[in-house]
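Undergrad: Quick one, target32.txt (compact mmCIF, C-alpha atoms):
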# COMPACT_ATOMS: atom_id res chain seq x y z
CA MET A 739 -7.51 24.08 -22.82
CA LYS A 740 -5.80 25.88 -19.93
CA VAL A 741 -5.04 23.75 -16.86
CA THR A 742 -3.70 25.01 -13.55
CA ILE A 743 -2.29 22.41 -11.16
CA ILE A 744 -1.92 23.24 -7.49
CA GLY A 745 0.97 21.20 -6.13
CA GLY A 746 4.27 20.28 -7.76
CA GLY A 747 4.65 16.87 -6.13
CA PRO A 748 4.65 13.50 -7.94
CA SER A 749 0.96 13.49 -8.90
CA GLY A 750 0.83 17.11 -10.06
CA LEU A 751 3.99 16.86 -12.15
CA PHE A 752 2.99 13.47 -13.57
CA LEU A 753 -0.39 14.85 -14.64
CA ALA A 754 1.31 17.80 -16.36
CA ILE A 755 3.71 15.43 -18.15
CA LEU A 756 0.98 13.07 -19.33
CA LEU A 757 -1.10 15.93 -20.71
CA LYS A 758 1.83 17.53 -22.51
CA GLU A 759 2.98 14.21 -23.98
CA ARG A 760 -0.46 13.63 -25.51
CA LEU A 761 -1.96 17.13 -25.94
CA SER A 762 0.93 19.38 -26.84
CA GLN A 763 -1.37 22.37 -27.33
CA VAL A 764 -2.70 22.34 -23.75
CA GLU A 765 -1.50 25.25 -21.58
CA ILE A 766 -0.36 24.09 -18.16
CA ASP A 767 0.73 26.05 -15.10
CA VAL A 768 1.91 24.29 -11.94
CA PHE A 769 2.15 26.17 -8.64
CA GLU A 770 4.24 24.70 -5.82
CA GLN A 771 4.46 26.39 -2.42
CA ASN A 772 7.92 24.96 -1.61
CA PRO A 773 11.30 25.76 -3.22
CA GLU A 774 12.28 23.78 -6.30
CA ASN A 775 14.93 21.64 -4.60
CA ALA A 776 13.15 21.18 -1.27
CA THR A 777 11.50 17.97 -0.22
CA PHE A 778 10.26 16.61 3.07
CA GLY A 779 10.71 12.95 3.80
CA PHE A 780 13.27 10.48 2.59
CA GLY A 781 12.60 7.54 0.27
CA VAL A 782 9.55 6.50 -1.76
CA VAL A 783 8.71 2.91 -2.71
CA LEU A 784 6.90 1.90 -5.89
CA ALA A 785 6.01 -1.79 -6.26
CA ASP A 786 6.72 -3.56 -9.53
CA THR A 787 3.01 -3.75 -10.38
CA GLY A 788 2.66 -0.03 -9.73
CA LEU A 789 5.66 0.72 -11.93
CA ALA A 790 4.16 -1.36 -14.73
CA ASN A 791 0.97 0.70 -14.57
CA LEU A 792 2.90 3.97 -14.60
CA ARG A 793 5.10 2.78 -17.48
CA SER A 794 2.00 2.14 -19.60
CA ALA A 795 1.24 5.85 -19.30
CA SER A 796 4.75 7.27 -19.72
CA PRO A 797 7.59 4.86 -20.57
CA THR A 798 10.04 7.77 -20.72
CA VAL A 799 9.42 8.78 -17.12
CA VAL A 800 9.42 5.29 -15.63
CA ASP A 801 12.53 4.19 -17.54
CA ARG A 802 14.36 7.19 -16.10
CA LEU A 803 13.07 6.43 -12.60
CA ALA A 804 14.20 2.81 -12.88
CA THR A 805 17.82 3.85 -13.47
CA VAL A 806 17.98 5.48 -10.02
CA MET A 807 15.77 3.06 -8.09
CA ARG A 808 16.98 0.44 -5.65
CA PHE A 809 15.07 -2.83 -6.03
CA ASN A 810 14.63 -5.47 -3.34
CA ASP A 811 12.75 -8.75 -3.61
CA GLN A 812 12.54 -9.71 0.06
CA HIS A 813 11.04 -8.31 3.22
CA ALA A 814 11.19 -9.33 6.86
CA ILE A 815 8.55 -9.12 9.59
CA VAL A 816 9.81 -9.34 13.16
CA CYS A 817 7.55 -10.19 16.08
CA HIS A 818 8.47 -11.86 19.38
CA GLU A 819 12.03 -11.04 18.28
CA GLN A 820 11.81 -13.66 15.53
CA PRO A 821 12.28 -12.48 11.92
CA ILE A 822 10.25 -14.18 9.22
CA VAL A 823 11.64 -13.40 5.77
CA MET A 824 9.59 -13.61 2.63
CA LYS A 825 10.56 -13.36 -1.01
CA LYS A 826 8.33 -11.04 -2.99
CA PRO A 827 6.96 -12.12 -6.37
CA GLY A 828 8.59 -10.48 -9.38
CA ALA A 829 11.31 -7.89 -9.01
CA GLY A 830 9.86 -6.56 -5.77
CA GLY A 831 9.55 -2.92 -4.85
CA GLY A 832 11.76 -0.13 -6.12
CA ALA A 833 12.83 2.55 -3.66
CA ILE A 834 14.04 5.99 -4.70
CA PRO A 835 14.98 9.16 -2.83
CA ARG A 836 11.99 11.48 -2.94
CA ILE A 837 14.20 14.30 -4.19
CA SER A 838 15.36 12.07 -7.08
CA LEU A 839 11.76 11.19 -7.96
CA LEU A 840 10.89 14.87 -8.08
CA SER A 841 14.02 15.69 -10.06
CA VAL A 842 13.15 13.17 -12.80
CA LEU A 843 9.60 14.52 -13.02
CA GLN A 844 10.74 18.15 -12.96
CA GLN A 845 13.24 17.56 -15.76
CA ARG A 846 10.68 15.82 -17.96
CA ALA A 847 8.10 18.53 -17.32
CA CYS A 848 10.64 21.19 -18.27
CA GLU A 849 11.51 19.35 -21.51
CA LEU A 850 7.83 19.41 -22.45
CA GLY A 851 7.41 23.11 -21.76
CA VAL A 852 5.39 22.88 -18.55
CA HIS A 853 5.59 26.13 -16.59
CA VAL A 854 6.25 25.46 -12.90
CA THR A 855 6.27 28.28 -10.35
CA TYR A 856 7.89 27.56 -7.00
CA ASN A 857 7.63 29.36 -3.66
CA GLN A 858 4.08 30.46 -4.40
CA ARG A 859 0.95 29.68 -2.43
CA ILE A 860 -2.33 30.49 -4.15
CA ALA A 861 -4.82 32.33 -1.95
CA ASP A 862 -7.66 33.10 -4.38
CA PHE A 863 -8.55 30.11 -6.54
CA ASP A 864 -11.54 31.86 -8.11
CA ALA A 865 -9.16 34.40 -9.65
CA ILE A 866 -7.21 31.75 -11.59
CA ASP A 867 -7.58 32.06 -15.36
CA ALA A 868 -7.96 28.40 -16.32
CA ASP A 869 -10.53 26.00 -17.69
CA LEU A 870 -9.59 23.40 -15.08
CA ILE A 871 -7.98 23.70 -11.64
CA VAL A 872 -6.49 20.52 -10.17
CA GLY A 873 -5.83 20.06 -6.46
CA ALA A 874 -2.71 17.88 -6.36
CA ASP A 875 -1.49 19.47 -3.14
CA GLY A 876 -1.64 16.50 -0.82
CA ILE A 877 -3.22 15.71 2.49
CA ASN A 878 -3.20 19.36 3.58
CA SER A 879 -4.68 20.55 0.27
CA GLN A 880 -5.33 24.28 0.14
CA LEU A 881 -7.73 23.91 -2.79
CA ARG A 882 -9.86 21.43 -0.86
CA THR A 883 -9.67 23.42 2.38
CA ALA A 884 -10.96 26.51 0.60
CA ASN A 885 -14.16 24.68 -0.36
CA GLU A 886 -14.70 21.79 2.05
CA ALA A 887 -18.45 22.37 2.08
CA GLY A 888 -18.55 22.08 -1.71
CA PHE A 889 -16.45 18.92 -1.81
CA GLY A 890 -18.29 17.41 1.14
CA THR A 891 -15.09 16.87 3.10
CA THR A 892 -15.11 14.69 6.20
CA ARG A 893 -12.14 13.98 8.44
CA ARG A 894 -11.20 12.07 11.53
CA THR A 895 -7.92 11.29 13.23
CA LEU A 896 -6.50 7.88 14.07
CA THR A 897 -5.05 7.23 17.52
CA ASN A 898 -1.57 5.84 16.79
CA HIS A 899 1.37 8.27 16.74
CA PHE A 900 4.07 8.19 14.05
CA ALA A 901 6.97 10.12 12.58
CA TRP A 902 9.11 9.66 9.46
CA PHE A 903 12.90 9.63 9.91
CA GLY A 904 15.89 8.68 7.86
CA VAL A 905 19.00 6.78 8.94
CA GLU A 906 22.45 6.80 7.39
CA LYS A 907 22.47 3.03 7.24
CA PRO A 908 21.57 1.24 4.02
CA PHE A 909 19.73 -1.76 5.44
CA PRO A 910 20.16 -4.80 3.16
CA SER A 911 16.38 -5.19 2.77
CA PRO A 912 13.12 -3.72 4.13
CA ALA A 913 11.67 -4.89 7.43
CA LEU A 914 8.79 -4.30 9.82
CA VAL A 915 9.71 -4.71 13.48
CA PHE A 916 6.99 -5.02 16.13
CA ARG A 917 8.54 -4.76 19.60
CA LYS A 918 7.28 -4.77 23.17
CA HIS A 919 9.63 -2.67 25.30
CA GLU A 920 9.17 -1.87 28.99
CA GLY A 921 5.40 -2.29 28.67
CA GLY A 922 5.13 -0.24 25.47
CA TYR A 923 4.14 -1.36 21.97
CA PHE A 924 6.41 0.01 19.26
CA VAL A 925 6.66 -0.42 15.47
CA ALA A 926 9.46 0.41 13.06
CA HIS A 927 9.24 0.15 9.28
CA TYR A 928 12.53 0.70 7.49
CA TYR A 929 13.70 0.29 3.91
CA PRO A 930 16.84 1.28 1.99
CA TYR A 931 16.41 3.78 -0.81
CA SER A 932 20.00 4.59 -1.76
CA ASP A 933 23.52 3.28 -1.23
CA SER A 934 23.82 5.29 1.98
CA MET A 935 20.31 5.97 3.35
CA SER A 936 17.14 4.26 4.54
CA THR A 937 13.71 5.51 5.51
CA PHE A 938 12.70 4.71 9.10
CA VAL A 939 9.04 5.12 10.10
CA ALA A 940 8.57 5.11 13.89
CA GLU A 941 5.15 4.36 15.40
CA CYS A 942 3.48 3.51 18.70
CA ASP A 943 -0.07 3.14 19.92
CA HIS A 944 -1.76 5.87 21.94
CA GLN A 945 -1.55 4.00 25.25
CA THR A 946 2.22 3.71 24.82
CA TRP A 947 2.37 7.42 24.03
CA LEU A 948 0.60 8.15 27.31
CA ASP A 949 2.45 5.59 29.42
CA PHE A 950 5.87 6.90 28.36
CA GLY A 951 4.87 10.56 28.75
CA MET A 952 5.68 11.26 25.12
CA GLU A 953 3.22 14.15 24.91
CA ASP A 954 5.46 16.16 27.25
CA MET A 955 8.75 15.03 25.70
CA SER A 956 10.81 17.17 23.38
CA ALA A 957 11.20 15.98 19.79
CA GLU A 958 14.79 15.05 20.65
CA ALA A 959 13.68 12.93 23.61
CA ARG A 960 11.12 11.06 21.51
CA GLN A 961 13.74 10.38 18.87
CA ALA A 962 16.17 9.14 21.54
CA LEU A 963 13.50 6.82 22.94
CA PHE A 964 13.00 5.13 19.57
CA GLU A 965 16.74 4.92 19.09
CA ARG A 966 16.90 2.95 22.35
CA VAL A 967 13.92 0.72 21.50
CA PHE A 968 15.33 -0.16 18.08
CA ALA A 969 19.02 -0.11 19.01
CA PRO A 970 19.52 -3.69 17.72
CA GLU A 971 18.45 -2.62 14.22
CA LEU A 972 20.09 0.82 14.21
CA ASP A 973 23.42 -0.62 15.33
CA GLY A 974 24.73 2.69 16.67
CA TYR A 975 23.32 4.88 13.88
CA ALA A 976 21.19 7.85 14.89
CA LEU A 977 17.85 8.69 13.33
CA VAL A 978 17.92 11.67 10.98
CA SER A 979 15.13 14.24 11.17
CA ASN A 980 13.77 16.21 8.22
CA ASN A 981 10.56 17.93 9.29
CA SER A 982 9.97 14.69 11.23
CA ALA A 983 6.96 15.88 13.20
CA TRP A 984 5.00 13.41 15.32
CA ARG A 985 1.45 13.09 14.02
CA GLN A 986 -1.74 11.09 14.17
CA PHE A 987 -2.97 10.12 10.72
CA PRO A 988 -5.89 12.15 9.32
CA VAL A 989 -8.50 10.10 7.46
CA ILE A 990 -9.87 12.47 4.80
CA LEU A 991 -12.75 11.67 2.45
CA ASN A 992 -14.66 13.82 -0.02
CA ALA A 993 -18.21 13.14 -1.16
CA LYS A 994 -17.54 14.98 -4.43
CA TRP A 995 -14.45 14.51 -6.59
CA HIS A 996 -15.01 17.75 -8.49
CA VAL A 997 -16.93 20.99 -8.03
CA GLY A 998 -17.35 23.28 -11.01
CA ARG A 999 -13.96 23.56 -12.68
CA GLN A 1000 -12.07 22.28 -9.62
CA VAL A 1001 -11.04 18.64 -9.19
CA LEU A 1002 -8.99 16.71 -6.61
CA ILE A 1003 -6.45 13.90 -7.02
CA GLY A 1004 -4.23 11.89 -4.68
CA ASP A 1005 -4.24 12.56 -0.95
CA ALA A 1006 -6.07 15.83 -1.55
CA LEU A 1007 -9.03 13.66 -2.54
CA THR A 1008 -8.65 10.67 -0.21
CA SER A 1009 -5.84 10.06 2.25
CA ALA A 1010 -4.17 6.66 1.80
CA HIS A 1011 -2.58 5.28 4.97
CA PHE A 1012 1.17 4.78 4.79
CA SER A 1013 0.88 1.18 6.04
CA ILE A 1014 -0.22 -0.02 2.58
CA GLY A 1015 2.83 1.60 0.99
CA SER A 1016 0.96 2.80 -2.08
CA GLY A 1017 0.20 6.48 -1.49
CA THR A 1018 2.47 7.84 -4.24
CA ARG A 1019 1.34 5.17 -6.68
CA ILE A 1020 -2.36 5.84 -5.98
CA ALA A 1021 -1.89 9.57 -6.48
CA MET A 1022 0.00 9.10 -9.75
CA GLU A 1023 -2.64 6.65 -11.00
CA ASP A 1024 -5.28 9.30 -10.21
CA ALA A 1025 -3.26 11.60 -12.48
CA MET A 1026 -3.29 8.92 -15.19
CA ALA A 1027 -7.08 8.59 -15.03
CA LEU A 1028 -7.60 12.36 -15.13
CA ALA A 1029 -5.18 12.73 -18.05
CA ASP A 1030 -7.01 9.99 -19.98
CA ALA A 1031 -10.31 11.76 -19.41
CA ILE A 1032 -8.99 15.15 -20.50
CA VAL A 1033 -7.44 13.65 -23.64
CA ALA A 1034 -10.78 12.02 -24.43
CA HIS A 1035 -12.67 15.32 -23.95
CA PRO A 1036 -10.18 18.15 -24.61
CA ALA A 1037 -12.93 20.70 -25.27
CA ASP A 1038 -15.45 19.57 -22.65
CA VAL A 1039 -14.28 19.89 -19.03
CA PRO A 1040 -17.53 18.63 -17.44
CA ALA A 1041 -17.44 15.49 -19.60
CA ALA A 1042 -13.79 14.93 -18.75
CA LEU A 1043 -14.49 15.20 -15.03
CA ARG A 1044 -17.43 12.81 -15.27
CA GLN A 1045 -15.27 10.24 -17.06
CA TYR A 1046 -12.43 10.66 -14.54
CA GLU A 1047 -14.72 9.87 -11.63
CA ALA A 1048 -16.66 7.10 -13.37
CA VAL A 1049 -13.52 5.24 -14.47
CA ARG A 1050 -11.26 5.81 -11.48
CA LYS A 1051 -13.69 5.65 -8.57
CA PRO A 1052 -14.33 1.86 -8.50
CA GLU A 1053 -10.63 0.96 -8.52
CA LYS A 1054 -9.69 3.65 -6.04
CA ALA A 1055 -12.47 2.48 -3.73
CA LYS A 1056 -10.77 -0.92 -3.54
CA LEU A 1057 -7.43 0.66 -2.64
CA ILE A 1058 -8.94 2.97 -0.04
CA SER A 1059 -10.87 0.05 1.43
CA ALA A 1060 -7.56 -1.79 1.81
CA SER A 1061 -6.08 1.31 3.42
CA GLU A 1062 -8.97 1.46 5.88
CA ALA A 1063 -8.66 -2.21 6.79
CA SER A 1064 -4.91 -1.78 7.28
CA TYR A 1065 -5.08 1.26 9.55
CA ASN A 1066 -7.86 -0.31 11.59
CA TRP A 1067 -5.59 -3.33 12.07
CA TYR A 1068 -2.78 -1.07 13.27
CA GLU A 1069 -5.16 0.74 15.63
CA HIS A 1070 -5.38 -2.56 17.57
CA ILE A 1071 -1.69 -3.37 17.35
CA ARG A 1072 -1.22 -4.34 20.98
CA GLU A 1073 -3.89 -7.04 20.73
CA TRP A 1074 -2.23 -8.45 17.61
CA MET A 1075 1.22 -8.34 19.22
CA GLU A 1076 -0.11 -10.49 22.06
CA LEU A 1077 -0.74 -13.40 19.68
CA PRO A 1078 1.21 -16.41 20.97
CA THR A 1079 3.45 -17.08 17.96
CA PRO A 1080 5.22 -14.94 15.34
CA HIS A 1081 3.85 -17.19 12.61
CA GLU A 1082 0.25 -16.48 13.55
CA PHE A 1083 1.06 -12.78 13.79
CA VAL A 1084 2.57 -12.74 10.28
CA PHE A 1085 -0.45 -14.53 8.84
CA ARG A 1086 -2.79 -11.97 10.43
CA PHE A 1087 -0.62 -9.14 9.14
CA MET A 1088 -0.46 -10.43 5.56
CA THR A 1089 -4.24 -10.93 5.39
CA ARG A 1090 -5.21 -7.73 7.24
CA THR A 1091 -6.61 -5.81 4.24
CA GLY A 1092 -8.93 -8.55 2.98
CA ARG A 1093 -7.32 -8.39 -0.48
CA VAL A 1094 -5.06 -11.36 0.29
CA ASP A 1095 -6.31 -14.71 1.61
CA ALA A 1096 -4.58 -18.00 2.37
CA GLY A 1097 -4.94 -19.16 -1.23
CA ARG A 1098 -3.33 -16.05 -2.69
CA LEU A 1099 -0.58 -16.19 -0.08
CA ARG A 1100 0.09 -19.80 -1.02
CA ALA A 1101 0.32 -18.89 -4.71
CA GLN A 1102 2.54 -15.81 -4.24
CA PHE A 1103 4.63 -16.85 -1.24
CA PRO A 1104 4.81 -20.68 -1.18
CA ALA A 1105 7.95 -20.75 0.98
CA LEU A 1106 6.34 -18.40 3.50
CA MET A 1107 3.17 -20.47 3.70
CA ALA A 1108 5.22 -23.62 4.20
CA GLU A 1109 7.04 -21.92 7.07
CA LEU A 1110 3.78 -20.67 8.57
CA ALA A 1111 2.26 -24.14 8.33
CA ALA A 1112 5.31 -25.57 10.07
CA GLY A 1113 4.73 -22.96 12.76
CA GLY A 1114 1.20 -24.19 13.32
CA VAL A 1115 -0.78 -21.75 11.14
CA THR A 1116 -3.24 -23.49 8.82
CA GLY A 1117 -5.30 -20.52 7.61
CA GLY A 1118 -8.66 -21.31 9.16
CA ALA A 1119 -8.63 -20.50 12.87
CA ALA A 1120 -5.94 -17.92 12.21
CA LEU A 1121 -8.48 -15.70 10.50
CA GLU A 1122 -10.57 -15.32 13.65
CA GLN A 1123 -10.33 -11.96 15.38
CA PRO A 1124 -8.54 -11.82 18.74
Here is the file; what I need is its structure written in the form of structure tokens.
TA:
Amino acid sequence: MKVTIIGGGPSGLFLAILLKERLSQVEIDVFEQNPENATFGFGVVLADTGLANLRSASPTVVDRLATVMRFNDQHAIVCHEQPIVMKKPGAGGGAIPRISLLSVLQQRACELGVHVTYNQRIADFDAIDADLIVGADGINSQLRTANEAGFGTTRRTLTNHFAWFGVEKPFPSPALVFRKHEGGYFVAHYYPYSDSMSTFVAECDHQTWLDFGMEDMSAEARQALFERVFAPELDGYALVSNNSAWRQFPVILNAKWHVGRQVLIGDALTSAHFSIGSGTRIAMEDAMALADAIVAHPADVPAALRQYEAVRKPEKAKLISASEASYNWYEHIREWMELPTPHEFVFRFMTRTGRVDAGRLRAQFPALMAELAAGGVTGGAALEQP
């Protein structure tokens, strides 16, 4: 079988690795439009449960990732200027510089004989000589864009505005800060991913964007505004930009997972909102499901694609449903931030996706639930919408 993968990010490289580890005779070509050592963004977080899933597919890769990951078992949520700290179950999430994640995957792919071509954008997908063409090229997928009618692509844009920055301050642990400032509603999500750097996601709702005139601001002025709003956390450090464009999140869905010999994985297939912190994991688990299907049907591409969709679709639907519930919650952030107590706010935040209820919170975070109860949150009335 000849497989061409469009996109040399985590999901595309992981798929190539999994196939080569289990089907050495498969011919694989990966095409990446960016240079080999280029990456946009800063750190990536993989939760311990996600790492366990990935390790079941490739222990070699995950063991190498673990040696360069920074683990943290607590997380703070700040609202009304009051931090509420919770201990995560297990080892917590592992953060890693995105460039290090790619480096580990690139090295393993090279060891296995995967041919990766960088600095090349494919224009004519029909001309590719391959039995299977995989779109692993992210939210702006060129493979999907070339055949949106065939895939049944739909898209809409959320209203909140956000940008990803870095900061040369290794925060001791991750935190989410929800702050009202001069009539605006602002959010910062930061987490350390190395001994010297942290990721810093800046966000505000659309009304704040309008009220502060951010549409007409320069990128530097917007960055300076967030540096002022979150000065207590930044402690004199400036935000670091790396293609840190301000955006509104595109919600992308596809009615069909595959068309002919073309198939989509990761954000190319369904965009997962960054607020659930699982985008990379979801994409790499898509790669796992597709690799399993190809290994099961190495001489029958249609059968492999049917198995991929049948097996992966139910589980991915749950994750995307959680993503949808989460971004809808954030779309109404100013109403939530008007809740009278930080404890009630934290309870609403933790249960926003519908995958976690008071019982599960009590089992996983007993200290947190005790603190919330002491703050007047019992779990019944707190579930009512504002």
Undergrad: Have a look at atom CA of Gln945 of chain A and atom CA of Glu1073 of chain A and let me know their distance in Å, one decimal.
TA: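 Atom-to-atom, atom CA of Gln945 of chain A and atom CA of Glu1073 of chain A are spaced 12.2 Å apart.
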Undergrad: Rank nothing, just name the residue among A:Gln763, A:Ser911, A:Gln845, A:Ser838 nearest to Leu751 of chain A, using all atoms listed in the file.
TA: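 Smallest separation from Leu751 of chain A among the options: A:Gln845.
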Undergrad: What are the closest atom pairs, with distances in Å to one decimal, for all residues of segment 1035-1103 of chain A lying within 9 Å of segment 914-923 of chain A? Consider all atoms listed in the file, order rows by chain and residue number, and present the result as CSV.
TA:
residue,atom,partner,partner_atom,distance
A:Ile1071,CA,A:Tyr923,CA,7.7
A:Arg1072,CA,A:Tyr923,CA,6.2
A:Met1075,CA,A:Phe916,CA,7.3
Undergrad: Residues at most 12 Å from Lys740 of chain A, counting all atoms listed in the file, excluding those fewer than 6 positions away in the same chain, as a list in words?
TA: Ala754, Leu757, Lys758, Leu761, Ser762, Gln763, Val764, Glu765, Ile766, Asp767, Val768, Val852, His853, Ile866, Asp867, Ala868, Asp869, Leu870, Ile871, Val872, Arg999, Ile1032, Pro1036, Ala1037, Asp1038 and Val1039 of chain A
Undergrad: Between atom CA of Ser934 of chain A and atom CA of Glu906 of chain A, what is the distance, to one decimal in Å?
TA: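 Taking atom CA of Ser934 of chain A and atom CA of Glu906 of chain A, their separation equals 5.8 Å.
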Undergrad: Missing atoms in segment 1062-1087 of chain A should be modelled up to N, CA and C atoms and reported as a CSV table (one decimal), in the frame of the given file.
TA:
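Saved result, part.csv, follows:
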chain,number,residue,atom,x,y,z
A,1062,GLU,N,-8.2,1.4,4.7
A,1062,GLU,CA,-9.0,1.5,5.9
A,1062,GLU,C,-8.8,0.2,6.7
A,1063,ALA,N,-8.8,-1.0,6.1
A,1063,ALA,CA,-8.7,-2.2,6.8
A,1063,ALA,C,-7.3,-2.3,7.4
A,1064,SER,N,-6.3,-1.7,6.7
A,1064,SER,CA,-4.9,-1.8,7.3
A,1064,SER,C,-4.8,-0.9,8.5
A,1065,TYR,N,-5.3,0.4,8.4
A,1065,TYR,CA,-5.1,1.3,9.6
A,1065,TYR,C,-5.9,0.8,10.7
A,1066,ASN,N,-7.1,0.2,10.5
A,1066,ASN,CA,-7.9,-0.3,11.6
A,1066,ASN,C,-7.1,-1.5,12.3
A,1067,TRP,N,-6.4,-2.3,11.5
A,1067,TRP,CA,-5.6,-3.3,12.1
A,1067,TRP,C,-4.5,-2.7,13.0
A,1068,TYR,N,-3.8,-1.7,12.5
A,1068,TYR,CA,-2.8,-1.1,13.3
A,1068,TYR,C,-3.3,-0.4,14.5
A,1069,GLU,N,-4.6,0.1,14.5
A,1069,GLU,CA,-5.2,0.7,15.6
A,1069,GLU,C,-5.3,-0.2,16.8
A,1070,HIS,N,-5.3,-1.5,16.5
A,1070,HIS,CA,-5.4,-2.6,17.6
A,1070,HIS,C,-4.1,-3.3,17.7
A,1071,ILE,N,-3.0,-2.7,17.5
A,1071,ILE,CA,-1.7,-3.4,17.4
A,1071,ILE,C,-1.3,-4.1,18.6
A,1072,ARG,N,-1.7,-3.6,19.8
A,1072,ARG,CA,-1.2,-4.3,21.0
A,1072,ARG,C,-1.9,-5.7,21.1
A,1073,GLU,N,-3.2,-5.7,20.7
A,1073,GLU,CA,-3.9,-7.0,20.7
A,1073,GLU,C,-3.2,-8.0,19.8
A,1074,TRP,N,-2.9,-7.6,18.6
A,1074,TRP,CA,-2.2,-8.4,17.6
A,1074,TRP,C,-0.9,-8.9,18.1
A,1075,MET,N,-0.1,-8.0,18.7
A,1075,MET,CA,1.2,-8.3,19.2
A,1075,MET,C,1.2,-9.3,20.4
A,1076,GLU,N,0.0,-9.5,21.0
A,1076,GLU,CA,-0.1,-10.5,22.1
A,1076,GLU,C,-0.4,-11.9,21.5
A,1077,LEU,N,-0.5,-12.1,20.2
A,1077,LEU,CA,-0.7,-13.4,19.7
A,1077,LEU,C,0.4,-14.3,20.1
A,1078,PRO,N,0.2,-15.6,20.3
A,1078,PRO,CA,1.2,-16.4,21.0
A,1078,PRO,C,2.4,-16.7,20.1
A,1079,THR,N,2.3,-16.7,18.8
A,1079,THR,CA,3.4,-17.1,18.0
A,1079,THR,C,3.7,-16.0,16.9
A,1080,PRO,N,4.9,-15.9,16.4
A,1080,PRO,CA,5.2,-14.9,15.3
A,1080,PRO,C,4.6,-15.4,14.0
A,1081,HIS,N,4.4,-16.7,13.8
A,1081,HIS,CA,3.8,-17.2,12.6
A,1081,HIS,C,2.4,-16.8,12.5
A,1082,GLU,N,1.6,-16.9,13.6
A,1082,GLU,CA,0.2,-16.5,13.6
A,1082,GLU,C,0.1,-15.0,13.3
A,1083,PHE,N,1.1,-14.2,14.0
A,1083,PHE,CA,1.1,-12.8,13.8
A,1083,PHE,C,1.3,-12.4,12.3
A,1084,VAL,N,2.3,-13.0,11.7
A,1084,VAL,CA,2.6,-12.7,10.3
A,1084,VAL,C,1.4,-13.1,9.4
A,1085,PHE,N,0.7,-14.2,9.6
A,1085,PHE,CA,-0.4,-14.5,8.8
A,1085,PHE,C,-1.5,-13.5,9.0
A,1086,ARG,N,-1.8,-13.0,10.2
A,1086,ARG,CA,-2.8,-12.0,10.4
A,1086,ARG,C,-2.4,-10.7,9.7
A,1087,PHE,N,-1.1,-10.4,9.8
A,1087,PHE,CA,-0.6,-9.1,9.1
A,1087,PHE,C,-0.8,-9.2,7.6
